[in-house]
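Novice: entry_32.txt is the file, holding compact mmCIF, C-alpha atoms and all ligand atoms:
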```
# COMPACT_ATOMS: atom_id res chain seq x y z
CA MET A 12 51.94 124.97 86.83
CA MET A 13 54.94 122.91 87.87
CA GLN A 14 55.87 125.59 90.39
CA ARG A 15 52.37 125.65 91.84
CA THR A 16 52.32 121.86 92.34
CA LEU A 17 55.68 121.86 94.01
CA PHE A 18 54.72 124.73 96.27
CA ARG A 19 51.57 122.97 97.33
CA ARG A 20 53.28 119.64 97.99
CA GLY A 21 56.16 121.27 99.81
CA ALA A 22 53.94 123.38 101.98
CA LEU A 23 51.74 120.45 102.88
CA LEU A 24 54.65 118.20 103.73
CA ALA A 25 56.31 120.89 105.70
CA GLN A 26 53.23 121.43 107.76
CA LYS A 27 52.50 117.69 108.05
CA ALA A 28 48.80 118.53 107.87
CA ALA A 29 46.18 118.02 105.20
CA VAL A 30 45.01 121.61 105.06
CA GLU A 31 44.20 123.42 101.86
CA VAL A 32 46.94 125.89 100.90
CA PRO A 33 46.24 128.67 98.39
CA LEU A 34 47.79 128.10 94.98
CA LEU A 35 50.15 131.05 94.92
CA PRO A 36 53.03 131.44 92.51
CA MET A 37 56.23 130.38 94.20
CA SER A 38 59.39 132.45 94.09
CA ALA A 39 62.43 130.57 92.79
CA PRO A 40 64.51 130.59 96.01
CA LEU A 41 61.68 128.97 97.96
CA GLN A 42 62.30 125.45 96.61
CA PRO A 43 65.72 124.96 98.23
CA ARG A 44 64.23 126.22 101.49
CA LEU A 45 61.40 123.71 101.28
CA ASP A 46 63.84 120.90 100.45
CA ARG A 47 65.81 121.78 103.52
CA ALA A 48 62.62 121.91 105.55
CA MET A 49 61.73 118.39 104.39
CA SER A 50 65.13 116.98 105.16
CA SER A 51 66.92 118.30 108.20
CA VAL A 52 64.90 120.99 109.94
CA THR A 53 62.34 120.10 112.57
CA ILE A 54 60.55 123.45 112.59
CA PRO A 55 58.65 123.92 109.32
CA PRO A 56 58.48 127.28 107.53
CA PRO A 57 55.60 129.15 109.15
CA GLU A 58 52.53 129.36 106.95
CA CYS A 59 52.28 133.13 107.42
CA MET A 60 55.75 133.55 105.91
CA LEU A 61 54.58 131.86 102.71
CA ARG A 62 51.92 134.50 102.24
CA PRO A 63 52.67 137.95 100.81
CA LEU A 64 52.99 140.91 103.17
CA GLU A 65 49.71 142.72 103.66
CA VAL A 66 49.55 146.27 104.98
CA PRO A 67 46.16 147.96 105.21
CA PHE A 68 45.69 151.64 104.50
CA ARG A 69 44.77 153.60 107.64
CA TYR A 70 44.22 157.26 108.38
CA LEU A 71 46.80 157.75 111.10
CA PHE A 72 45.22 160.62 113.03
CA GLY A 73 46.63 159.63 116.41
CA PRO A 74 49.75 160.98 118.15
CA GLY A 75 52.07 159.22 115.68
CA PRO A 76 53.25 157.65 113.54
CA SER A 77 51.61 159.77 110.91
CA ASN A 78 50.97 158.91 107.26
CA VAL A 79 54.12 159.60 105.26
CA PRO A 80 54.20 161.53 101.95
CA PRO A 81 54.92 159.45 98.82
CA ARG A 82 58.27 161.12 98.15
CA VAL A 83 59.53 160.18 101.64
CA LEU A 84 58.32 156.60 101.15
CA ALA A 85 60.02 156.53 97.75
CA ALA A 86 63.30 157.75 99.27
CA GLY A 87 63.13 154.86 101.76
CA GLY A 88 62.57 152.43 98.89
CA ARG A 89 65.79 153.30 97.05
CA GLY A 90 68.59 150.76 96.70
CA ILE A 91 70.89 150.06 99.61
CA ILE A 92 74.41 151.43 99.68
CA GLY A 93 77.05 150.59 102.25
CA HIS A 94 76.72 152.39 105.57
CA MET A 95 80.38 153.48 105.27
CA HIS A 96 80.42 154.44 101.59
CA PRO A 97 81.44 158.03 100.80
CA GLU A 98 77.98 158.68 99.31
CA MET A 99 76.38 157.58 102.58
CA TYR A 100 78.64 159.91 104.55
CA GLU A 101 77.59 162.70 102.20
CA ILE A 102 73.91 161.90 102.91
CA MET A 103 74.63 161.86 106.66
CA ASN A 104 76.35 165.25 106.32
CA ASP A 105 73.20 166.56 104.59
CA ILE A 106 71.04 165.12 107.40
CA LYS A 107 73.20 166.92 109.95
CA LYS A 108 72.65 170.24 108.11
CA GLY A 109 68.91 169.51 107.85
CA ILE A 110 68.70 168.89 111.62
CA GLN A 111 70.71 172.05 112.37
CA TYR A 112 68.10 174.01 110.39
CA ALA A 113 65.12 172.23 111.99
CA PHE A 114 66.58 172.75 115.49
CA GLN A 115 67.85 176.28 114.67
CA THR A 116 71.32 175.45 115.93
CA GLN A 117 74.90 175.69 114.79
CA ASN A 118 75.98 172.82 117.04
CA ASN A 119 78.60 170.62 115.43
CA MET A 120 77.57 167.68 117.65
CA THR A 121 74.37 167.02 115.73
CA ILE A 122 73.44 163.52 114.60
CA ALA A 123 70.51 161.17 114.02
CA MET A 124 70.19 158.16 116.28
CA SER A 125 69.69 154.72 114.76
CA GLY A 126 66.55 154.15 116.77
CA SER A 127 63.27 155.73 117.83
CA GLY A 128 62.72 158.73 120.11
CA HIS A 129 63.54 156.55 123.12
CA ALA A 130 67.04 156.00 121.70
CA ALA A 131 67.58 159.77 121.76
CA MET A 132 66.18 160.01 125.31
CA GLU A 133 68.58 157.33 126.51
CA CYS A 134 71.49 158.77 124.53
CA ALA A 135 70.99 162.20 126.12
CA VAL A 136 70.83 160.86 129.67
CA PHE A 137 73.46 158.11 129.39
CA ASN A 138 76.08 160.46 127.97
CA THR A 139 75.63 163.53 130.15
CA VAL A 140 74.98 161.92 133.53
CA GLU A 141 77.21 159.65 135.63
CA PRO A 142 75.92 157.30 138.32
CA GLY A 143 75.21 159.12 141.58
CA GLU A 144 74.79 162.54 139.94
CA SER A 145 71.65 164.57 140.55
CA VAL A 146 69.03 164.85 137.80
CA LEU A 147 65.85 166.96 137.92
CA VAL A 148 62.85 165.95 135.82
CA ALA A 149 59.63 167.89 135.21
CA VAL A 150 56.79 165.36 135.12
CA ASN A 151 53.45 166.52 133.69
CA GLY A 152 52.64 163.52 131.52
CA ILE A 153 54.30 160.27 130.52
CA TRP A 154 57.55 161.62 129.01
CA GLY A 155 58.91 163.03 132.25
CA GLU A 156 58.04 159.72 133.92
CA ARG A 157 60.02 157.86 131.24
CA VAL A 158 63.11 160.04 131.52
CA ALA A 159 63.02 159.77 135.31
CA GLU A 160 62.98 155.99 134.97
CA ILE A 161 65.80 155.99 132.39
CA ALA A 162 67.95 158.15 134.69
CA GLU A 163 67.10 156.00 137.70
CA ARG A 164 68.07 152.81 135.85
CA MET A 165 71.52 154.16 135.08
CA GLY A 166 72.05 155.04 138.73
CA ALA A 167 71.37 158.77 138.80
CA ASN A 168 69.98 160.48 141.87
CA VAL A 169 66.61 161.48 140.41
CA HIS A 170 64.39 164.31 141.69
CA ILE A 171 61.01 164.96 140.16
CA MET A 172 58.71 167.98 140.06
CA VAL A 173 55.21 166.66 139.46
CA LYS A 174 52.06 168.25 138.08
CA ALA A 175 48.85 166.74 136.77
CA PRO A 176 48.94 165.93 133.02
CA GLY A 177 49.11 169.18 131.06
CA GLY A 178 50.32 171.21 134.06
CA VAL A 179 52.75 174.07 133.39
CA PHE A 180 55.87 174.71 135.52
CA SER A 181 56.64 178.35 136.17
CA ASN A 182 60.23 179.55 135.82
CA GLU A 183 60.15 180.41 139.54
CA GLU A 184 59.23 176.83 140.46
CA ILE A 185 61.96 175.51 138.19
CA GLU A 186 64.59 177.84 139.62
CA LYS A 187 63.66 176.86 143.19
CA ALA A 188 64.08 173.16 142.34
CA LEU A 189 67.38 173.82 140.52
CA ALA A 190 68.72 175.63 143.58
CA LYS A 191 67.55 172.87 145.91
CA HIS A 192 68.71 169.76 144.01
CA LYS A 193 71.71 171.19 142.12
CA PRO A 194 71.17 168.77 139.23
CA VAL A 195 73.67 168.21 136.42
CA LEU A 196 70.69 167.84 134.08
CA PHE A 197 67.15 169.26 133.97
CA PHE A 198 64.58 167.63 131.68
CA LEU A 199 61.45 169.24 130.22
CA THR A 200 59.08 168.06 127.49
CA HIS A 201 58.33 170.80 124.94
CA GLY A 202 55.49 168.94 123.19
CA GLU A 203 53.80 166.81 125.86
CA SER A 204 51.94 164.48 123.50
CA SER A 205 50.19 162.52 126.27
CA ALA A 206 48.58 165.74 127.51
CA GLY A 207 48.48 167.87 124.32
CA LEU A 208 50.58 170.63 125.88
CA ALA A 209 53.20 172.92 124.28
CA HIS A 210 55.23 173.91 127.35
CA PRO A 211 56.86 177.37 127.33
CA VAL A 212 60.66 177.15 127.17
CA ASP A 213 61.81 180.81 127.28
CA GLY A 214 64.11 181.74 130.13
CA ILE A 215 64.65 178.19 131.43
CA GLY A 216 67.95 177.76 129.59
CA ASP A 217 69.28 180.89 131.30
CA LEU A 218 68.22 179.57 134.72
CA CYS A 219 69.99 176.28 133.99
CA ARG A 220 73.20 178.16 133.07
CA LYS A 221 73.00 180.14 136.29
CA HIS A 222 72.78 176.89 138.28
CA ASN A 223 75.40 175.01 136.23
CA THR A 224 72.81 172.55 134.94
CA LEU A 225 72.37 171.17 131.43
CA PHE A 226 68.95 171.85 129.90
CA LEU A 227 67.53 168.81 128.06
CA VAL A 228 64.37 169.25 125.97
CA ASP A 229 62.15 166.66 124.28
CA ALA A 230 60.70 167.98 121.02
CA VAL A 231 59.59 164.62 119.60
CA ALA A 232 55.97 165.68 119.18
CA SER A 233 56.49 169.40 118.61
CA LEU A 234 59.32 169.83 116.10
CA GLY A 235 58.01 171.47 112.94
CA ALA A 236 54.62 172.16 114.52
CA SER A 237 55.50 174.50 117.39
CA PRO A 238 58.47 176.91 117.32
CA ILE A 239 61.67 175.97 119.13
CA PHE A 240 65.05 177.70 118.80
CA MET A 241 67.81 175.59 120.28
CA ASP A 242 70.60 178.20 120.24
CA GLN A 243 68.51 181.28 121.09
CA GLN A 244 66.70 179.48 123.91
CA ASN A 245 69.95 178.14 125.39
CA ILE A 246 68.86 174.51 125.14
CA ASP A 247 71.90 172.32 125.77
CA ILE A 248 70.51 169.05 124.41
CA LEU A 249 67.51 168.77 122.08
CA TYR A 250 66.07 165.68 120.44
CA THR A 251 63.11 164.71 118.31
CA GLY A 252 61.66 161.66 116.55
CA SER A 253 61.15 161.01 112.86
CA GLN A 254 57.52 159.94 112.80
CA LYS A 255 55.56 163.01 113.92
CA ALA A 256 55.50 166.40 112.16
CA LEU A 257 58.91 165.58 110.68
CA ASN A 258 56.93 162.96 108.81
CA ALA A 259 59.41 160.17 108.07
CA PRO A 260 58.86 156.53 109.05
CA PRO A 261 59.59 155.67 112.70
CA GLY A 262 63.11 154.53 113.54
CA THR A 263 65.50 157.50 113.44
CA ALA A 264 65.83 160.31 115.97
CA PRO A 265 67.72 163.59 115.51
CA ILE A 266 69.66 164.86 118.54
CA SER A 267 72.02 167.77 119.11
CA PHE A 268 74.43 168.68 121.92
CA ASN A 269 75.93 172.15 122.37
CA GLU A 270 79.44 172.96 123.59
CA ARG A 271 78.42 172.91 127.30
CA ALA A 272 76.90 169.46 126.89
CA CYS A 273 80.01 168.24 125.01
CA GLN A 274 82.26 169.54 127.79
CA LYS A 275 80.32 167.49 130.31
CA MET A 276 79.92 164.32 128.29
CA PHE A 277 83.46 164.12 126.94
CA ASN A 278 85.07 164.71 130.36
CA ARG A 279 83.48 161.82 132.23
CA LYS A 280 85.16 159.64 134.80
CA THR A 281 83.11 156.59 133.79
CA LYS A 282 82.09 155.21 130.41
CA PRO A 283 78.41 155.56 129.46
CA VAL A 284 76.44 152.40 130.25
CA SER A 285 75.53 151.89 126.59
CA TYR A 286 78.08 151.06 123.89
CA LEU A 287 75.57 151.64 121.07
CA PHE A 288 74.61 155.10 122.37
CA ASP A 289 78.12 156.23 123.39
CA MET A 290 78.57 159.69 121.85
CA ALA A 291 82.35 159.21 121.73
CA HIS A 292 81.71 156.57 119.04
CA LEU A 293 78.64 158.18 117.48
CA SER A 294 80.42 161.52 117.02
CA ASN A 295 83.09 159.69 115.00
CA TYR A 296 80.46 157.76 113.01
CA TRP A 297 78.86 161.10 112.08
CA GLY A 298 82.20 162.75 111.29
CA ASN A 299 81.88 165.25 114.14
CA ASP A 300 85.04 164.49 116.11
CA GLY A 301 87.61 166.00 113.73
CA GLN A 302 89.29 162.63 113.13
CA PRO A 303 90.41 161.96 109.54
CA ALA A 304 88.67 158.56 109.41
CA ARG A 305 85.23 157.36 110.39
CA LEU A 306 85.53 153.92 111.97
CA TYR A 307 82.99 151.14 112.10
CA HIS A 308 80.72 151.44 115.14
CA HIS A 309 77.36 150.00 114.05
CA THR A 310 75.44 149.62 110.79
CA GLY A 311 73.06 152.56 110.58
CA PRO A 312 69.55 152.24 109.08
CA VAL A 313 70.53 153.22 105.53
CA LEU A 314 66.97 153.42 104.17
CA GLY A 315 65.74 155.11 107.34
CA PHE A 316 68.39 157.78 106.80
CA PHE A 317 67.31 158.25 103.17
CA SER A 318 63.73 158.87 104.33
CA LEU A 319 64.89 161.17 107.10
CA ARG A 320 66.93 163.21 104.61
CA GLU A 321 63.87 163.57 102.38
CA SER A 322 61.63 164.70 105.24
CA LEU A 323 64.23 167.25 106.36
CA ALA A 324 64.42 168.43 102.74
CA ILE A 325 60.65 169.08 102.82
CA PHE A 326 61.13 171.24 105.96
CA ALA A 327 63.90 173.14 104.20
CA GLU A 328 61.85 173.69 101.02
CA LYS A 329 58.67 174.69 102.85
CA GLY A 330 60.43 176.70 105.54
CA LEU A 331 60.10 176.17 109.27
CA GLU A 332 58.00 179.28 109.82
CA GLU A 333 55.51 178.15 107.18
CA SER A 334 55.37 174.69 108.77
CA TRP A 335 54.62 176.21 112.20
CA ARG A 336 52.00 178.56 110.70
CA HIS A 337 50.33 175.76 108.76
CA HIS A 338 50.11 173.43 111.79
CA ARG A 339 48.72 176.25 113.90
CA GLU A 340 46.11 177.16 111.27
CA VAL A 341 44.85 173.60 110.77
CA ALA A 342 44.86 172.97 114.54
CA GLY A 343 42.84 176.15 115.09
CA TYR A 344 40.31 174.96 112.51
CA LEU A 345 40.11 171.56 114.21
CA TRP A 346 39.75 173.06 117.70
CA LYS A 347 36.85 175.25 116.57
CA GLY A 348 35.14 172.27 114.92
CA LEU A 349 35.50 170.19 118.08
CA GLU A 350 34.12 172.96 120.29
CA ASP A 351 31.26 173.63 117.85
CA MET A 352 30.38 169.95 118.25
CA GLY A 353 30.14 170.41 122.01
CA LEU A 354 33.41 168.67 122.83
CA LYS A 355 35.79 170.16 125.42
CA LEU A 356 39.47 170.54 124.80
CA PHE A 357 41.68 169.25 127.60
CA ILE A 358 44.15 172.15 127.48
CA GLN A 359 41.99 175.20 127.99
CA ASN A 360 44.52 177.91 127.20
CA LYS A 361 44.78 178.05 123.39
CA ASP A 362 48.34 179.38 123.57
CA LEU A 363 49.48 176.29 125.46
CA ARG A 364 47.91 173.74 123.11
CA LEU A 365 50.18 171.54 121.04
CA PRO A 366 49.22 172.11 117.38
CA SER A 367 50.30 168.61 116.33
CA VAL A 368 48.41 166.54 118.93
CA THR A 369 45.05 167.73 120.25
CA THR A 370 43.66 166.28 123.47
CA ILE A 371 39.88 166.08 123.81
CA ALA A 372 38.37 165.65 127.28
CA ILE A 373 36.33 162.43 127.35
CA PRO A 374 32.72 163.49 126.77
CA GLU A 375 30.63 162.86 129.83
CA GLY A 376 29.03 159.43 130.02
CA TYR A 377 30.87 158.01 126.98
CA ASN A 378 33.23 155.08 126.99
CA TRP A 379 36.33 156.38 125.17
CA ARG A 380 37.49 152.89 124.16
CA GLU A 381 34.13 152.22 122.50
CA MET A 382 34.31 155.51 120.61
CA LEU A 383 37.84 154.89 119.36
CA GLN A 384 36.97 151.34 118.31
CA TYR A 385 33.90 152.63 116.48
CA ILE A 386 35.98 155.23 114.63
CA MET A 387 38.55 152.62 113.61
CA LYS A 388 35.88 150.15 112.48
CA HIS A 389 33.63 152.55 110.58
CA HIS A 390 36.08 155.21 109.42
CA ASN A 391 39.35 153.28 109.16
CA MET A 392 40.88 156.01 111.27
CA GLU A 393 43.25 155.87 114.19
CA MET A 394 42.76 158.19 117.12
CA THR A 395 44.00 157.11 120.53
CA GLY A 396 43.26 157.38 124.22
CA GLY A 397 45.54 159.00 126.77
CA LEU A 398 48.90 157.58 127.77
CA GLY A 399 50.36 157.01 131.23
CA PRO A 400 48.82 159.51 133.65
CA SER A 401 46.42 160.91 131.02
CA THR A 402 44.80 157.49 130.38
CA GLY A 403 41.03 157.77 130.84
CA MET A 404 41.21 161.58 130.74
CA VAL A 405 41.61 162.29 127.03
CA MET A 406 41.27 161.12 123.46
CA ARG A 407 44.15 162.19 121.23
CA LEU A 408 43.83 163.42 117.67
CA GLY A 409 46.99 164.25 115.74
CA LEU A 410 47.15 166.04 112.39
CA MET A 411 50.79 166.49 111.54
CA GLY A 412 53.07 166.74 108.54
CA TYR A 413 51.40 165.26 105.48
CA ASN A 414 48.16 164.72 107.45
CA CYS A 415 47.93 168.34 108.52
CA GLN A 416 45.12 169.42 106.15
CA LYS A 417 41.70 170.97 106.76
CA THR A 418 40.10 168.18 104.69
CA ASN A 419 41.55 165.67 107.17
CA ALA A 420 40.26 167.78 110.07
CA ASP A 421 36.80 167.60 108.45
CA MET A 422 37.07 163.80 108.16
CA ALA A 423 38.14 163.48 111.78
CA LEU A 424 35.30 165.75 112.94
CA ALA A 425 32.77 163.75 110.93
CA ALA A 426 34.07 160.49 112.43
CA LEU A 427 33.81 161.87 115.96
CA ALA A 428 30.29 163.21 115.33
CA ASP A 429 29.30 159.77 114.04
CA ALA A 430 30.78 158.08 117.11
CA LEU A 431 28.98 160.47 119.45
CA LYS A 432 25.72 159.67 117.70
CA ASN A 433 26.15 155.92 117.60
CA CYS A 434 28.12 154.91 120.67
CA LYS A 435 25.55 154.33 123.31
CA LYS A 436 26.27 156.38 126.39
CA SER A 437 27.79 153.99 128.88
CA LYS A 438 30.09 154.36 131.85
CA ALA A 439 33.75 154.79 130.92
N1 LIG B 1 58.66 161.94 123.56
C1 LIG B 1 57.46 162.33 123.10
C2 LIG B 1 56.95 163.69 123.43
C3 LIG B 1 56.70 161.47 122.31
O1 LIG B 1 55.50 161.86 121.86
C4 LIG B 1 57.22 160.18 121.99
C5 LIG B 1 56.45 159.21 121.12
N2 LIG B 1 55.09 159.16 121.31
C6 LIG B 1 58.48 159.82 122.51
C7 LIG B 1 59.17 160.73 123.28
C8 LIG B 1 59.07 158.48 122.26
O2 LIG B 1 59.33 158.29 120.92
P1 LIG B 1 59.38 156.80 120.25
O3 LIG B 1 58.04 156.20 120.40
O4 LIG B 1 59.74 157.13 118.83
O5 LIG B 1 60.44 156.05 120.96
```
Hey, can you dump this file as structure tokens for me?
Specialist:
Amino acid sequence: MMQRTLFRRGALLAQKAAVEVPLLPMSAPLQPRLDRAMSSVTIPPPECMLRPLEVPFRYLFGPGPSNVPPRVLAAGGRGIIGHMHPEMYEIMNDIKKGIQYAFQTQNNMTIAMSGSGHAAMECAVFNTVEPGESVLVAVNGIWGERVAEIAERMGANVHIMVKAPGGVFSNEEIEKALAKHKPVLFFLTHGESSAGLAHPVDGIGDLCRKHNTLFLVDAVASLGASPIFMDQQNIDILYTGSQKALNAPPGTAPISFNERACQKMFNRKTKPVSYLFDMAHLSNYWGNDGQPARLYHHTGPVLGFFSLRESLAIFAEKGLEESWRHHREVAGYLWKGLEDMGLKLFIQNKDLRLPSVTTIAIPEGYNWREMLQYIMKHHNMEMTGGLGPSTGMVMRLGLMGYNCQKTNADMALAALADALKNCKKSKA
């Protein structure tokens, strides 16, 4: 009772307003904070911070993040240990092995970035390219656009090959551009999540070797859902994100560099523009540089790494091939349901569709924003519109990792059918 009274008086004084404040139990350390607020501080504690955290449940059936399985959440809720404790290094060593399996690579230079997929994109470009060097980027959706911008910002000489969202580059087209621009790096998105495309990768690594170019591939949206073999496909740098089929919370991003990429990035004339993403430091932090001691570089996301380890463990237990098969099966079920409902899939060739993120062409006469808002309001379900160049062309429905279940496909189909019935046809 005493606590409640104090909380109420403190909160009111702090706000200097006679508004009613809910009588919530006050945690012990709050009183000293309120005392301070009443004495010396001029900015009062914000009212929102005196309320408990609220997080609604949502069906995350968009392009990511996806709902996370309880055991991954539990791993991220374990106690903190020091980022440089031997046990943490052991966990990081496990993560490295888990990524090597997921990427199908034996590369020693395999780590997880402390950051989202963009951190891996920037790390790849910043470390392998020096200002003034030529970079070639395949743009068929937003991710090529992003990498082109990242490379441009760090002073690279950027060349782009452009196709409409979901367009596929032939190996002949790629080889022609490699011969013309002689890039040090060629970028391609494997799982183009803004277009719903799984781009073929076979043979491109060989072309890049022939032209003395590093082959950089984005597998953020495809890893675990669509097969990729880093070593066999001669991919020099491969990265992914944690929050898609890998099914951990957002905030960590596996990346791997092969020997060719290491030769280029560790024989630079200039330092990479980013200290945080400098692989010379990160390779030591991850114990990859053969040095006896790991030195302090930055404080990694300890809990994020616990969750990442757990999600990689699920891949290892289930098996990659089973994960690919399962995503393909559920996606096939979803695609049939969508077509049976009269909806058109944006990527017509089944073999080129990304199993993790399906793109639906906007049904004629419907306003896609209205439909998505309706689905969120009445079904508590996230689906999204297009992104970048695919905006206004598609709606995106992702069933990945934990969410990749036929029962979820049924729920998503029912929500879409309901939206088609109830969203008045109006101009998009
Ligand atoms: N690449 C692809 C293919 C993606 O789908 C995403 C995320 N939507 C990213 C890169 C960027 O990842 P993040 O949002 O984690 O930075």
Novice: Nearest to ligand LIG 1 (chain B): which of A:Pro76, A:Pro194, A:Gly301, A:Pro97 is it, counting only C-alpha atoms and all ligand atoms?
Specialist: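 Checking each of A:Pro76, A:Pro194, A:Gly301, A:Pro97 against ligand LIG 1 (chain B), counting only C-alpha atoms and all ligand atoms, the winner is A:Pro76.
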Novice: Using all atoms listed in the file, find each protein or nucleic acid residue lying at most 6 Å from ligand LIG 1 (chain B); present the set as a PyMOL selection string.
Specialist: chain A and resi 127-129+154+202-204+229+231-232+252
Novice: Which value, in Å to one decimal, gives the distance between atom CA of Leu398 of chain A and atom CA of Ile153 of chain A?
Specialist: 6.6 Å
Novice: Point out the residue among A:Leu287, A:Thr200, A:Thr139, A:Gly262 with the least atom-to-atom distance to Asp247 of chain A, counting all atoms listed in the file.
Specialist: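 Result for the nearest residue to Asp247 of chain A: A:Thr139.
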Novice: With 4 Å on each side, where is the centre of the axis-aligned box around all listed atoms of segment 154-166 of chain A, and how long are its edges in Å to one decimal, as JSON?
Specialist:
```
{"center_x": 64.8, "center_y": 157.9, "center_z": 133.9, "size_x": 22.5, "size_y": 18.2, "size_z": 17.7}
```
Novice: May I have the residues within 12 Å of Glu321 of chain A as number ranges by chain, using all atoms listed in the file and disregarding those fewer than 2 positions away in the same chain?
Specialist: A: 79-89, 102-103, 105-106, 109-110, 253, 257-260, 314-319, 323-328
